[in-house]
$ cat start-v1.txt   # compact mmCIF, C-alpha atoms
# COMPACT_ATOMS: atom_id res chain seq x y z
CA MET D 28 -195.46 -84.12 128.16
CA MET D 29 -197.08 -86.52 125.70
CA ASN D 30 -196.71 -86.14 121.97
CA THR D 31 -199.80 -85.54 119.88
CA PRO D 32 -200.90 -88.93 118.46
CA VAL D 33 -199.99 -89.43 114.81
CA ARG D 34 -203.18 -90.45 113.00
CA TYR D 35 -202.73 -93.10 110.30
CA GLY D 36 -204.78 -94.16 107.34
CA ILE D 37 -204.10 -97.73 106.20
CA ILE D 38 -204.14 -98.64 102.50
CA GLY D 39 -204.45 -102.38 101.96
CA ALA D 40 -206.09 -104.92 104.25
CA GLY D 41 -204.20 -108.09 103.46
CA VAL D 42 -202.07 -110.45 105.54
CA ILE D 43 -199.28 -108.04 106.49
CA ALA D 44 -201.67 -105.20 107.38
CA ASN D 45 -203.52 -107.52 109.76
CA ALA D 46 -200.22 -108.62 111.29
CA MET D 47 -199.35 -104.94 111.78
CA ALA D 48 -202.67 -104.09 113.42
CA LYS D 49 -201.08 -104.15 116.86
CA ALA D 50 -198.83 -101.22 115.87
CA PHE D 51 -201.89 -98.99 116.14
CA LYS D 52 -202.97 -100.37 119.52
CA GLU D 53 -199.77 -100.70 121.54
CA SER D 54 -198.82 -97.02 121.85
CA PRO D 55 -200.93 -93.88 122.39
CA ASP D 56 -198.59 -92.02 120.01
CA THR D 57 -199.70 -94.09 117.00
CA VAL D 58 -203.37 -94.56 116.14
CA ALA D 59 -205.33 -95.69 113.10
CA VAL D 60 -208.33 -93.65 111.98
CA ALA D 61 -209.28 -95.18 108.60
CA VAL D 62 -208.80 -98.18 106.32
CA ALA D 63 -208.97 -98.30 102.52
CA ASP D 64 -209.27 -101.46 100.40
CA VAL D 65 -211.24 -102.42 97.30
CA ASN D 66 -212.28 -105.57 99.18
CA ARG D 67 -214.97 -104.32 101.59
CA GLU D 68 -214.99 -107.50 103.68
CA ALA D 69 -211.20 -107.39 104.16
CA ALA D 70 -211.35 -103.68 105.00
CA GLN D 71 -214.08 -104.29 107.58
CA LYS D 72 -212.06 -107.05 109.25
CA LEU D 73 -208.96 -104.86 109.54
CA ALA D 74 -210.99 -101.85 110.68
CA GLU D 75 -212.39 -103.90 113.54
CA ALA D 76 -208.88 -105.09 114.46
CA VAL D 77 -207.50 -101.54 114.69
CA GLY D 78 -210.68 -100.07 116.19
CA VAL D 79 -211.89 -97.70 113.48
CA THR D 80 -215.17 -97.24 111.62
CA ALA D 81 -214.04 -95.17 108.60
CA ILE D 82 -213.69 -97.45 105.56
CA TYR D 83 -212.95 -96.39 101.99
CA ALA D 84 -213.08 -98.35 98.75
CA ASP D 85 -211.04 -95.65 96.98
CA TYR D 86 -207.86 -94.70 98.79
CA HIS D 87 -207.86 -91.27 97.09
CA GLU D 88 -210.93 -90.38 99.15
CA MET D 89 -209.09 -91.35 102.32
CA LEU D 90 -206.09 -89.21 101.33
CA ALA D 91 -208.42 -86.20 101.19
CA ASP D 92 -209.28 -86.58 104.89
CA PRO D 93 -207.60 -83.69 106.79
CA GLU D 94 -207.77 -85.70 110.03
CA ILE D 95 -205.13 -88.13 108.71
CA ASP D 96 -201.46 -87.29 109.27
CA ALA D 97 -199.71 -90.33 107.82
CA ILE D 98 -200.36 -93.28 105.56
CA TYR D 99 -199.32 -96.91 106.01
CA ILE D 100 -199.21 -98.62 102.60
CA ALA D 101 -199.65 -102.41 102.66
CA THR D 102 -200.53 -103.22 99.06
CA PRO D 103 -198.75 -105.36 96.43
CA PRO D 104 -195.36 -103.81 95.53
CA PHE D 105 -196.26 -102.50 92.07
CA LEU D 106 -198.64 -100.04 93.76
CA HIS D 107 -196.13 -98.69 96.27
CA GLN D 108 -194.57 -95.93 94.18
CA PRO D 109 -197.79 -94.34 92.86
CA MET D 110 -199.49 -94.58 96.25
CA THR D 111 -196.48 -93.04 98.02
CA ILE D 112 -196.46 -90.15 95.55
CA ASP D 113 -200.24 -89.69 95.89
CA ALA D 114 -199.89 -89.59 99.68
CA LEU D 115 -197.10 -87.00 99.52
CA HIS D 116 -199.17 -84.86 97.14
CA ALA D 117 -201.98 -85.10 99.70
CA GLY D 118 -199.69 -83.83 102.46
CA LYS D 119 -199.28 -87.13 104.31
CA HIS D 120 -196.20 -88.78 105.81
CA VAL D 121 -195.63 -92.32 104.50
CA CYS D 122 -194.66 -95.71 105.91
CA CYS D 123 -194.59 -98.16 103.00
CA GLU D 124 -194.27 -101.92 103.17
CA LYS D 125 -191.27 -103.60 101.59
CA PRO D 126 -190.07 -103.68 98.91
CA PHE D 127 -190.31 -99.89 98.93
CA VAL D 128 -190.56 -99.69 95.13
CA LEU D 129 -189.56 -101.82 92.13
CA THR D 130 -186.78 -99.80 90.43
CA ARG D 131 -184.18 -97.16 91.23
CA GLN D 132 -185.98 -94.72 88.91
CA GLU D 133 -189.10 -95.08 91.08
CA VAL D 134 -187.02 -93.99 94.09
CA VAL D 135 -185.83 -90.98 92.08
CA ASP D 136 -189.45 -90.13 91.27
CA VAL D 137 -190.42 -90.25 94.96
CA ILE D 138 -187.43 -88.10 95.92
CA GLU D 139 -188.38 -85.45 93.36
CA VAL D 140 -191.89 -85.25 94.82
CA ASN D 141 -190.58 -85.22 98.39
CA LYS D 142 -188.36 -82.24 97.53
CA THR D 143 -191.55 -80.22 97.01
CA VAL D 144 -192.80 -81.19 100.51
CA PRO D 145 -189.55 -81.67 102.48
CA HIS D 146 -191.31 -81.57 105.84
CA LEU D 147 -192.99 -84.90 105.07
CA LYS D 148 -191.22 -88.07 106.26
CA VAL D 149 -190.99 -91.35 104.32
CA ILE D 150 -189.81 -94.74 105.56
CA SER D 151 -190.05 -98.32 104.27
CA CYS D 152 -190.80 -101.32 106.44
CA SER D 153 -187.58 -102.86 105.10
CA SER D 154 -186.08 -100.97 108.07
CA ARG D 155 -187.78 -103.35 110.55
CA TYR D 156 -184.63 -105.13 111.66
CA GLN D 157 -182.77 -102.00 112.70
CA ASN D 158 -184.34 -102.20 116.15
CA SER D 159 -182.24 -105.01 117.66
CA GLY D 160 -179.61 -104.26 120.26
CA THR D 161 -177.02 -106.25 118.32
CA ALA D 162 -177.56 -104.20 115.14
CA ARG D 163 -177.35 -100.91 117.02
CA LYS D 164 -174.22 -101.98 118.91
CA ALA D 165 -172.55 -103.18 115.70
CA ARG D 166 -173.33 -99.83 114.06
CA ALA D 167 -171.89 -97.92 117.03
CA MET D 168 -168.71 -100.03 117.05
CA ILE D 169 -168.18 -99.49 113.33
CA GLU D 170 -168.85 -95.76 113.59
CA GLY D 171 -166.54 -95.51 116.60
CA GLY D 172 -163.66 -97.15 114.73
CA GLU D 173 -163.45 -100.21 116.99
CA LEU D 174 -163.21 -102.50 113.97
CA GLY D 175 -160.71 -100.29 112.15
CA GLU D 176 -161.10 -100.26 108.37
CA VAL D 177 -164.11 -102.43 107.50
CA TYR D 178 -163.15 -104.26 104.32
CA ARG D 179 -165.34 -107.37 104.10
CA VAL D 180 -168.91 -108.41 104.90
CA HIS D 181 -170.27 -111.91 104.31
CA PHE D 182 -174.10 -112.12 104.53
CA GLU D 183 -175.54 -115.60 104.10
CA HIS D 184 -179.12 -116.72 104.71
CA ILE D 185 -180.58 -120.08 103.72
CA THR D 186 -184.20 -120.80 104.66
CA LYS D 187 -186.23 -123.99 104.54
CA GLY D 188 -189.05 -124.67 102.11
CA TYR D 189 -192.53 -123.35 102.71
CA LYS D 190 -195.05 -125.57 104.47
CA ILE D 191 -196.85 -128.12 102.33
CA GLY D 192 -200.05 -126.56 101.00
CA THR D 193 -198.85 -122.95 101.24
CA VAL D 194 -200.75 -120.80 98.74
CA PHE D 195 -199.71 -117.24 97.94
CA PRO D 196 -201.79 -114.59 96.14
CA GLU D 197 -201.34 -114.52 92.37
CA TRP D 198 -199.28 -111.30 92.39
CA ARG D 199 -196.54 -113.03 94.40
CA ASN D 200 -195.67 -115.10 91.30
CA ASP D 201 -195.65 -112.16 88.87
CA PRO D 202 -192.35 -110.20 88.67
CA ALA D 203 -194.18 -107.27 87.05
CA LYS D 204 -196.23 -106.86 90.24
CA ASN D 205 -193.82 -108.28 92.82
CA GLY D 206 -190.40 -107.33 91.46
CA GLY D 207 -189.10 -110.84 92.09
CA GLY D 208 -189.17 -113.75 94.49
CA ILE D 209 -186.86 -114.10 97.45
CA SER D 210 -184.86 -111.12 96.18
CA PHE D 211 -187.73 -108.65 96.57
CA ASP D 212 -189.39 -110.47 99.47
CA TRP D 213 -186.39 -110.71 101.83
CA GLY D 214 -183.67 -108.79 100.01
CA PRO D 215 -184.95 -105.33 101.05
CA TYR D 216 -184.53 -106.35 104.70
CA ASP D 217 -180.98 -107.54 104.07
CA LEU D 218 -179.81 -104.42 102.31
CA ASP D 219 -181.63 -101.97 104.58
CA TRP D 220 -180.06 -103.69 107.60
CA LEU D 221 -176.61 -103.58 106.00
CA SER D 222 -177.12 -99.91 105.12
CA PHE D 223 -178.02 -99.17 108.75
CA VAL D 224 -175.20 -101.16 110.35
CA LEU D 225 -172.48 -100.01 107.93
CA GLY D 226 -173.62 -96.38 107.83
CA ASP D 227 -171.67 -94.21 105.39
CA ARG D 228 -169.58 -97.23 104.37
CA PHE D 229 -172.58 -98.67 102.52
CA LYS D 230 -172.13 -97.00 99.13
CA PRO D 231 -172.44 -99.84 96.61
CA ARG D 232 -171.02 -99.10 93.18
CA VAL D 233 -170.43 -102.39 91.31
CA VAL D 234 -172.47 -105.60 91.46
CA PHE D 235 -171.78 -109.01 89.97
CA GLY D 236 -174.52 -111.51 90.72
CA THR D 237 -176.47 -114.60 89.79
CA MET D 238 -180.09 -115.58 90.37
CA GLY D 239 -182.13 -118.73 89.94
CA ASN D 240 -185.77 -119.76 90.20
CA TYR D 241 -187.43 -122.04 92.70
CA PHE D 242 -187.77 -125.69 91.70
CA PRO D 243 -189.91 -128.58 92.98
CA LEU D 244 -188.29 -130.36 95.93
CA THR D 245 -190.56 -133.42 95.94
CA ASP D 246 -193.96 -134.30 94.51
CA GLN D 247 -195.48 -133.46 97.91
CA ARG D 248 -193.45 -130.31 98.58
CA ILE D 249 -193.69 -127.84 95.73
CA ALA D 250 -192.33 -124.33 96.10
CA PRO D 251 -195.32 -121.94 95.91
CA CYS D 252 -193.77 -119.43 93.46
CA LEU D 253 -192.00 -121.17 90.61
CA ASP D 254 -191.79 -118.22 88.19
CA VAL D 255 -189.76 -115.94 90.48
CA ASP D 256 -186.26 -116.24 91.91
CA GLY D 257 -185.59 -118.50 94.87
CA ARG D 258 -181.84 -117.94 95.19
CA LEU D 259 -179.30 -115.18 94.60
CA ALA D 260 -175.62 -114.54 95.17
CA ALA D 261 -173.83 -111.23 94.61
CA GLU D 262 -170.49 -109.55 95.14
CA ILE D 263 -171.07 -105.87 95.90
CA ILE D 264 -168.10 -103.49 95.77
CA CYS D 265 -168.57 -100.17 97.55
CA ASP D 266 -166.92 -96.84 96.73
CA ASN D 267 -164.44 -97.23 99.58
CA GLY D 268 -163.37 -100.72 98.53
CA LEU D 269 -165.56 -102.54 101.05
CA THR D 270 -166.72 -105.80 99.49
CA ILE D 271 -170.01 -107.42 100.49
CA HIS D 272 -170.86 -111.01 99.64
CA TRP D 273 -174.66 -111.31 99.77
CA GLU D 274 -176.31 -114.70 99.39
CA ARG D 275 -179.88 -115.94 99.88
CA ARG D 276 -181.32 -119.33 99.09
CA ALA D 277 -184.67 -120.90 99.94
CA ALA D 278 -186.53 -124.19 99.59
CA GLU D 279 -183.54 -126.38 98.77
CA HIS D 280 -182.21 -129.79 99.74
CA GLY D 281 -180.23 -128.69 102.76
CA PRO D 282 -180.47 -127.22 106.26
CA GLU D 283 -181.23 -123.66 107.27
CA ARG D 284 -178.27 -121.41 107.96
CA HIS D 285 -177.80 -117.73 108.76
CA ASN D 286 -174.81 -115.64 109.77
CA VAL D 287 -173.37 -112.21 109.05
CA GLU D 288 -169.60 -111.72 109.26
CA ILE D 289 -168.15 -108.20 109.39
CA ARG D 290 -164.37 -107.94 109.24
CA GLY D 291 -162.15 -104.95 109.92
CA SER D 292 -158.45 -104.27 110.22
CA LYS D 293 -158.65 -104.20 114.04
CA SER D 294 -161.38 -106.71 114.84
CA GLY D 295 -164.42 -108.55 113.52
CA LEU D 296 -168.05 -109.27 114.34
CA ASP D 297 -170.45 -112.16 113.78
CA LEU D 298 -174.18 -111.72 114.30
CA THR D 299 -177.60 -112.39 112.78
CA PHE D 300 -180.05 -109.82 111.52
CA LEU D 301 -183.06 -111.87 112.61
CA SER D 302 -183.82 -114.42 115.26
CA MET D 303 -182.28 -117.53 113.73
CA GLY D 304 -178.83 -119.01 113.29
CA GLU D 305 -176.21 -120.02 115.82
CA LYS D 306 -174.86 -116.56 116.70
CA ARG D 307 -177.87 -114.49 117.69
CA LYS D 308 -175.83 -112.44 120.14
CA LEU D 309 -173.02 -110.13 119.00
CA HIS D 310 -169.71 -112.03 118.79
CA HIS D 311 -166.61 -109.83 118.77
CA TYR D 312 -163.26 -111.22 117.61
CA ALA D 313 -159.80 -109.72 117.99
CA PHE D 314 -156.26 -111.04 118.22
CA GLU D 315 -154.42 -110.47 121.47
CA GLY D 316 -150.72 -110.86 120.95
CA ALA D 317 -149.35 -112.85 118.06
CA GLU D 318 -151.44 -116.02 118.25
CA GLU D 319 -154.54 -115.91 120.43
CA LEU D 320 -157.88 -114.96 118.84
CA LYS D 321 -160.18 -113.75 121.59
CA GLU D 322 -163.96 -114.13 121.24
CA THR D 323 -166.23 -111.94 123.37
CA ILE D 324 -170.02 -112.40 123.35
CA LEU D 325 -171.56 -109.00 124.02
CA PRO D 326 -174.76 -108.68 126.11
CA ASP D 327 -176.83 -106.59 123.68
CA ASP D 328 -180.35 -107.80 122.92
CA GLU D 329 -180.64 -110.14 119.96
CA PRO D 330 -183.37 -109.67 117.32
CA LYS D 331 -186.91 -110.53 118.42
CA TRP D 332 -189.75 -110.71 115.92
CA ASP D 333 -192.46 -109.20 118.13
CA LYS D 334 -190.43 -106.04 118.66
CA THR D 335 -189.25 -106.01 115.06
CA LEU D 336 -192.57 -106.20 113.25
CA THR D 337 -193.93 -102.78 114.20
CA TYR D 338 -190.62 -100.88 114.40
CA SER D 339 -190.96 -98.90 111.16
CA ILE D 340 -194.39 -97.50 112.07
CA HIS D 341 -193.16 -96.34 115.48
CA GLU D 342 -189.94 -94.95 114.00
CA LEU D 343 -191.95 -92.84 111.55
CA THR D 344 -194.17 -91.63 114.40
CA ALA D 345 -191.09 -90.63 116.40
CA ALA D 346 -189.54 -88.88 113.38
CA ILE D 347 -192.76 -86.89 112.87
CA ASN D 348 -193.05 -85.88 116.52
CA GLU D 349 -189.34 -85.04 116.80
CA ASP D 350 -189.22 -83.38 113.36
CA ARG D 351 -186.22 -85.39 112.21
CA GLN D 352 -185.37 -87.81 109.42
CA PRO D 353 -186.32 -91.48 109.96
CA SER D 354 -183.50 -93.97 110.51
CA SER D 355 -183.62 -94.92 106.81
CA ARG D 356 -183.80 -91.99 104.41
CA LEU D 357 -184.84 -91.93 100.77
CA GLU D 358 -181.18 -91.62 99.78
CA HIS D 359 -180.59 -95.05 101.37
CA TYR D 360 -183.24 -96.55 99.11
CA LEU D 361 -181.41 -95.17 96.08
CA TYR D 362 -178.45 -97.37 97.02
CA ILE D 363 -180.65 -100.33 97.93
CA GLN D 364 -182.70 -100.23 94.76
CA GLY D 365 -179.54 -99.58 92.75
CA VAL D 366 -178.25 -102.94 93.98
CA PHE D 367 -181.48 -104.66 92.90
CA ASP D 368 -181.41 -103.12 89.43
CA ALA D 369 -177.74 -104.06 89.01
CA LEU D 370 -178.24 -107.59 90.37
CA MET D 371 -181.03 -108.33 87.92
CA GLU D 372 -179.05 -106.95 84.98
CA SER D 373 -175.90 -108.78 86.04
CA ALA D 374 -177.77 -112.07 86.39
CA ARG D 375 -179.20 -111.58 82.91
CA THR D 376 -175.96 -110.52 81.18
CA GLN D 377 -173.41 -112.44 83.28
CA GLN D 378 -171.44 -109.21 83.53
CA ALA D 379 -170.57 -106.88 86.40
CA VAL D 380 -172.88 -103.82 86.49
CA ARG D 381 -172.02 -100.36 87.72
CA ILE D 382 -174.61 -98.47 89.79
CA PRO D 383 -175.14 -94.82 88.69
CA SER D 384 -173.73 -92.08 90.91
$ encode --input "start-v1.txt" --output "structure tokens"
Amino acid sequence: MMNTPVRYGIIGAGVIANAMAKAFKESPDTVAVAVADVNREAAQKLAEAVGVTAIYADYHEMLADPEIDAIYIATPPFLHQPMTIDALHAGKHVCCEKPFVLTRQEVVDVIEVNKTVPHLKVISCSSRYQNSGTARKARAMIEGGELGEVYRVHFEHITKGYKIGTVFPEWRNDPAKNGGGISFDWGPYDLDWLSFVLGDRFKPRVVFGTMGNYFPLTDQRIAPCLDVDGRLAAEIICDNGLTIHWERRAAEHGPERHNVEIRGSKSGLDLTFLSMGEKRKLHHYAFEGAEELKETILPDDEPKWDKTLTYSIHELTAAINEDRQPSSRLEHYLYIQGVFDALMESARTQQAVRIPS
């Protein structure tokens, strides 16, 4: 028995929405029925890509369409919270691009609205990387107690500079509209992935962190966003004592590097959350006897971008059809956004910051 297709309206017709167009073509369960954007030409291009004819300049008009079940929001981040709330008021489920919102208070505001329509589901595309076999196996091993007490996570990701000539839209260099640079561009993926893999152990309470802006590498290679952060490092202490070291750097004089280390009292894991780095499979470590450390490379599927990109849309569709919560719930985003708020304050004050209960 096939599920009834979930009919989506798309708000925003920029780069990421066009990259996501295939989400509405690759499964009969997920279809697009309308596109809204103030740029008519961009809306027309996306509408053709997803195979629809209904185009709106005002997204409020699209929200009034009773034929639409869910909304995919692909606008600049400062619009995410009001558009999510408008969609919930209109009786629509929501899949919102990352970062979900800009502050923890904005998550609280969305939760308060969602309480009035609890049957509606909300997910952020920061959940994209939950789909890999390695992430799901790591989560199952942690939940099953195979690692024992998980006490330390080390998450490090260094990326190369952008291609020469890369030009971003103006909002990407405005923290009031974007939230930040690499922190709000990639950080939501990092923390959502950690929240998924660690499960109930991911309850951050104290953050001490630093941040720094991009800087020119050479006269020919200039970072495209010089007014927003290009590097961060944070120590995150969770309620249960688990300590997470989280570090991201981009566009610097050095090679790319990516690895995630998870250490427990019984064993440890190394893996990557995306398809880069030396350990893309799941590496399990445990001592056998007094001296020998045994490494086992598990067969679970490593992250793959093509499968990752559209995951959040399909996960929302499944949650709607199965009448369950999506894999990342609004409560998760309270923790995630709490880390962002605390990181920014800690970087500014050079003091550890406590996240509200």
$ closest_residue --input "start-v1.txt" --among "D:Val42, D:Ile37, D:Ile363, D:Leu174" --to "Ile100 in chain D" --atoms "all atoms listed in the file"
D:Ile37
$ residues_around --input "start-v1.txt" --residues "Tyr362 in chain D" --least-positions-apart "4" --cutoff "7 Å" --atoms "all atoms listed in the file" --output "PyMOL selection string"
chain D and resi 230-231+358+366
$ residues_around --input "start-v1.txt" --residues "range 242-258 of chain D" --least-positions-apart "6" --cutoff "7 Å" --atoms "all atoms listed in the file" --output "PyMOL selection string"
chain D and resi 188-189+191+193-195+200+202+207-210+275-279
$ residues_around --input "start-v1.txt" --residues "Leu269 in chain D" --least-positions-apart "4" --cutoff "9 Å" --atoms "all atoms listed in the file" --output "list in words"
Glu176, Val177, Tyr178, Arg179, Val180, Arg228, Phe229, Lys230, Pro231, Ile263, Ile264 and Cys265 of chain D
$ write_last_selection --input "start-v1.txt" --atoms "C-alpha atoms" --output "compact mmCIF listing (two decimals), in the frame of the given file"
# COMPACT_ATOMS: atom_id res chain seq x y z
CA GLU D 176 -161.10 -100.26 108.37
CA VAL D 177 -164.11 -102.43 107.50
CA TYR D 178 -163.15 -104.26 104.32
CA ARG D 179 -165.34 -107.37 104.10
CA VAL D 180 -168.91 -108.41 104.90
CA ARG D 228 -169.58 -97.23 104.37
CA PHE D 229 -172.58 -98.67 102.52
CA LYS D 230 -172.13 -97.00 99.13
CA PRO D 231 -172.44 -99.84 96.61
CA ILE D 263 -171.07 -105.87 95.90
CA ILE D 264 -168.10 -103.49 95.77
CA CYS D 265 -168.57 -100.17 97.55
$ residues_around --input "start-v1.txt" --residues "range 286-288 of chain D" --least-positions-apart "2" --cutoff "12 Å" --atoms "only C-alpha atoms" --output "PDB file with C-alpha atoms, keeping the file's coordinate frame"
ATOM      1  CA  THR D 161    -177.020-106.250 118.320  1.00  0.00           C
ATOM      2  CA  ALA D 162    -177.560-104.200 115.140  1.00  0.00           C
ATOM      3  CA  ALA D 165    -172.550-103.180 115.700  1.00  0.00           C
ATOM      4  CA  VAL D 177    -164.110-102.430 107.500  1.00  0.00           C
ATOM      5  CA  TYR D 178    -163.150-104.260 104.320  1.00  0.00           C
ATOM      6  CA  ARG D 179    -165.340-107.370 104.100  1.00  0.00           C
ATOM      7  CA  VAL D 180    -168.910-108.410 104.900  1.00  0.00           C
ATOM      8  CA  HIS D 181    -170.270-111.910 104.310  1.00  0.00           C
ATOM      9  CA  PHE D 182    -174.100-112.120 104.530  1.00  0.00           C
ATOM     10  CA  GLU D 183    -175.540-115.600 104.100  1.00  0.00           C
ATOM     11  CA  HIS D 184    -179.120-116.720 104.710  1.00  0.00           C
ATOM     12  CA  ILE D 185    -180.580-120.080 103.720  1.00  0.00           C
ATOM     13  CA  THR D 186    -184.200-120.800 104.660  1.00  0.00           C
ATOM     14  CA  ASP D 217    -180.980-107.540 104.070  1.00  0.00           C
ATOM     15  CA  TRP D 220    -180.060-103.690 107.600  1.00  0.00           C
ATOM     16  CA  LEU D 221    -176.610-103.580 106.000  1.00  0.00           C
ATOM     17  CA  VAL D 224    -175.200-101.160 110.350  1.00  0.00           C
ATOM     18  CA  THR D 270    -166.720-105.800  99.490  1.00  0.00           C
ATOM     19  CA  ILE D 271    -170.010-107.420 100.490  1.00  0.00           C
ATOM     20  CA  HIS D 272    -170.860-111.010  99.640  1.00  0.00           C
ATOM     21  CA  TRP D 273    -174.660-111.310  99.770  1.00  0.00           C
ATOM     22  CA  GLU D 274    -176.310-114.700  99.390  1.00  0.00           C
ATOM     23  CA  ARG D 275    -179.880-115.940  99.880  1.00  0.00           C
ATOM     24  CA  GLU D 283    -181.230-123.660 107.270  1.00  0.00           C
ATOM     25  CA  ARG D 284    -178.270-121.410 107.960  1.00  0.00           C
ATOM     26  CA  ARG D 290    -164.370-107.940 109.240  1.00  0.00           C
ATOM     27  CA  GLY D 291    -162.150-104.950 109.920  1.00  0.00           C
ATOM     28  CA  SER D 294    -161.380-106.710 114.840  1.00  0.00           C
ATOM     29  CA  GLY D 295    -164.420-108.550 113.520  1.00  0.00           C
ATOM     30  CA  LEU D 296    -168.050-109.270 114.340  1.00  0.00           C
ATOM     31  CA  ASP D 297    -170.450-112.160 113.780  1.00  0.00           C
ATOM     32  CA  LEU D 298    -174.180-111.720 114.300  1.00  0.00           C
ATOM     33  CA  THR D 299    -177.600-112.390 112.780  1.00  0.00           C
ATOM     34  CA  PHE D 300    -180.050-109.820 111.520  1.00  0.00           C
ATOM     35  CA  LEU D 301    -183.060-111.870 112.610  1.00  0.00           C
ATOM     36  CA  SER D 302    -183.820-114.420 115.260  1.00  0.00           C
ATOM     37  CA  MET D 303    -182.280-117.530 113.730  1.00  0.00           C
ATOM     38  CA  GLY D 304    -178.830-119.010 113.290  1.00  0.00           C
ATOM     39  CA  GLU D 305    -176.210-120.020 115.820  1.00  0.00           C
ATOM     40  CA  LYS D 306    -174.860-116.560 116.700  1.00  0.00           C
ATOM     41  CA  ARG D 307    -177.870-114.490 117.690  1.00  0.00           C
ATOM     42  CA  LYS D 308    -175.830-112.440 120.140  1.00  0.00           C
ATOM     43  CA  LEU D 309    -173.020-110.130 119.000  1.00  0.00           C
ATOM     44  CA  HIS D 310    -169.710-112.030 118.790  1.00  0.00           C
ATOM     45  CA  HIS D 311    -166.610-109.830 118.770  1.00  0.00           C
ATOM     46  CA  TYR D 312    -163.260-111.220 117.610  1.00  0.00           C
TER      47      TYR D 312
END
$ closest_residue --input "start-v1.txt" --among "D:Ala44, D:Leu361, D:Ala50, D:Leu325" --to "Gly160 in chain D" --atoms "all atoms listed in the file"
D:Leu325
$ atom_distance --input "start-v1.txt" --atom1 "CA of Phe51 in chain D" --atom2 "CA of Tyr216 in chain D"
22.1 Å
$ residues_around --input "start-v1.txt" --residues "Leu225 in chain D" --least-positions-apart "5" --cutoff "8 Å" --atoms "only C-alpha atoms" --output "PyMOL selection string"
chain D and resi 166+169-170
$ residues_near_point --input "start-v1.txt" --point "(-192.1, -105.9, 100.8)" --cutoff "12 Å" --atoms "all atoms listed in the file" --output "MDAnalysis selection string"
chainID D and resid 42:44 100:107 122:129 151:155 199 204:217 219
$ build_atoms --input "start-v1.txt" --residues "range 264-277 of chain D" --atoms "N, CA and C atoms" --output "short mmCIF file (atom, residue, chain, number, x, y, z; two decimals), in the frame of the given file"
data_model
loop_
_atom_site.label_atom_id
_atom_site.label_comp_id
_atom_site.auth_asym_id
_atom_site.auth_seq_id
_atom_site.Cartn_x
_atom_site.Cartn_y
_atom_site.Cartn_z
N ILE D 264 -169.29 -104.28 95.46
CA ILE D 264 -168.10 -103.49 95.77
C ILE D 264 -168.55 -102.05 96.01
N CYS D 265 -168.19 -101.53 97.18
CA CYS D 265 -168.57 -100.17 97.55
C CYS D 265 -167.48 -99.17 97.14
N ASP D 266 -167.84 -97.89 97.16
CA ASP D 266 -166.92 -96.84 96.73
C ASP D 266 -165.59 -96.88 97.48
N ASN D 267 -165.64 -97.24 98.75
CA ASN D 267 -164.44 -97.23 99.58
C ASN D 267 -163.66 -98.54 99.54
N GLY D 268 -164.05 -99.44 98.65
CA GLY D 268 -163.37 -100.72 98.53
C GLY D 268 -163.97 -101.83 99.35
N LEU D 269 -164.86 -101.51 100.28
CA LEU D 269 -165.56 -102.54 101.05
C LEU D 269 -166.27 -103.49 100.10
N THR D 270 -166.08 -104.79 100.33
CA THR D 270 -166.72 -105.80 99.49
C THR D 270 -167.72 -106.59 100.33
N ILE D 271 -168.93 -106.71 99.81
CA ILE D 271 -170.01 -107.42 100.49
C ILE D 271 -170.39 -108.64 99.67
N HIS D 272 -170.30 -109.82 100.27
CA HIS D 272 -170.86 -111.01 99.64
C HIS D 272 -172.25 -111.22 100.22
N TRP D 273 -173.25 -111.21 99.35
CA TRP D 273 -174.66 -111.31 99.77
C TRP D 273 -175.27 -112.54 99.11
N GLU D 274 -175.76 -113.46 99.93
CA GLU D 274 -176.31 -114.70 99.39
C GLU D 274 -177.58 -115.08 100.12
N ARG D 275 -178.61 -115.43 99.34
CA ARG D 275 -179.88 -115.94 99.88
C ARG D 275 -180.32 -117.13 99.06
N ARG D 276 -180.76 -118.16 99.77
CA ARG D 276 -181.32 -119.33 99.09
C ARG D 276 -182.50 -119.83 99.91
N ALA D 277 -183.48 -120.40 99.23
CA ALA D 277 -184.67 -120.90 99.94
C ALA D 277 -185.16 -122.18 99.29
#
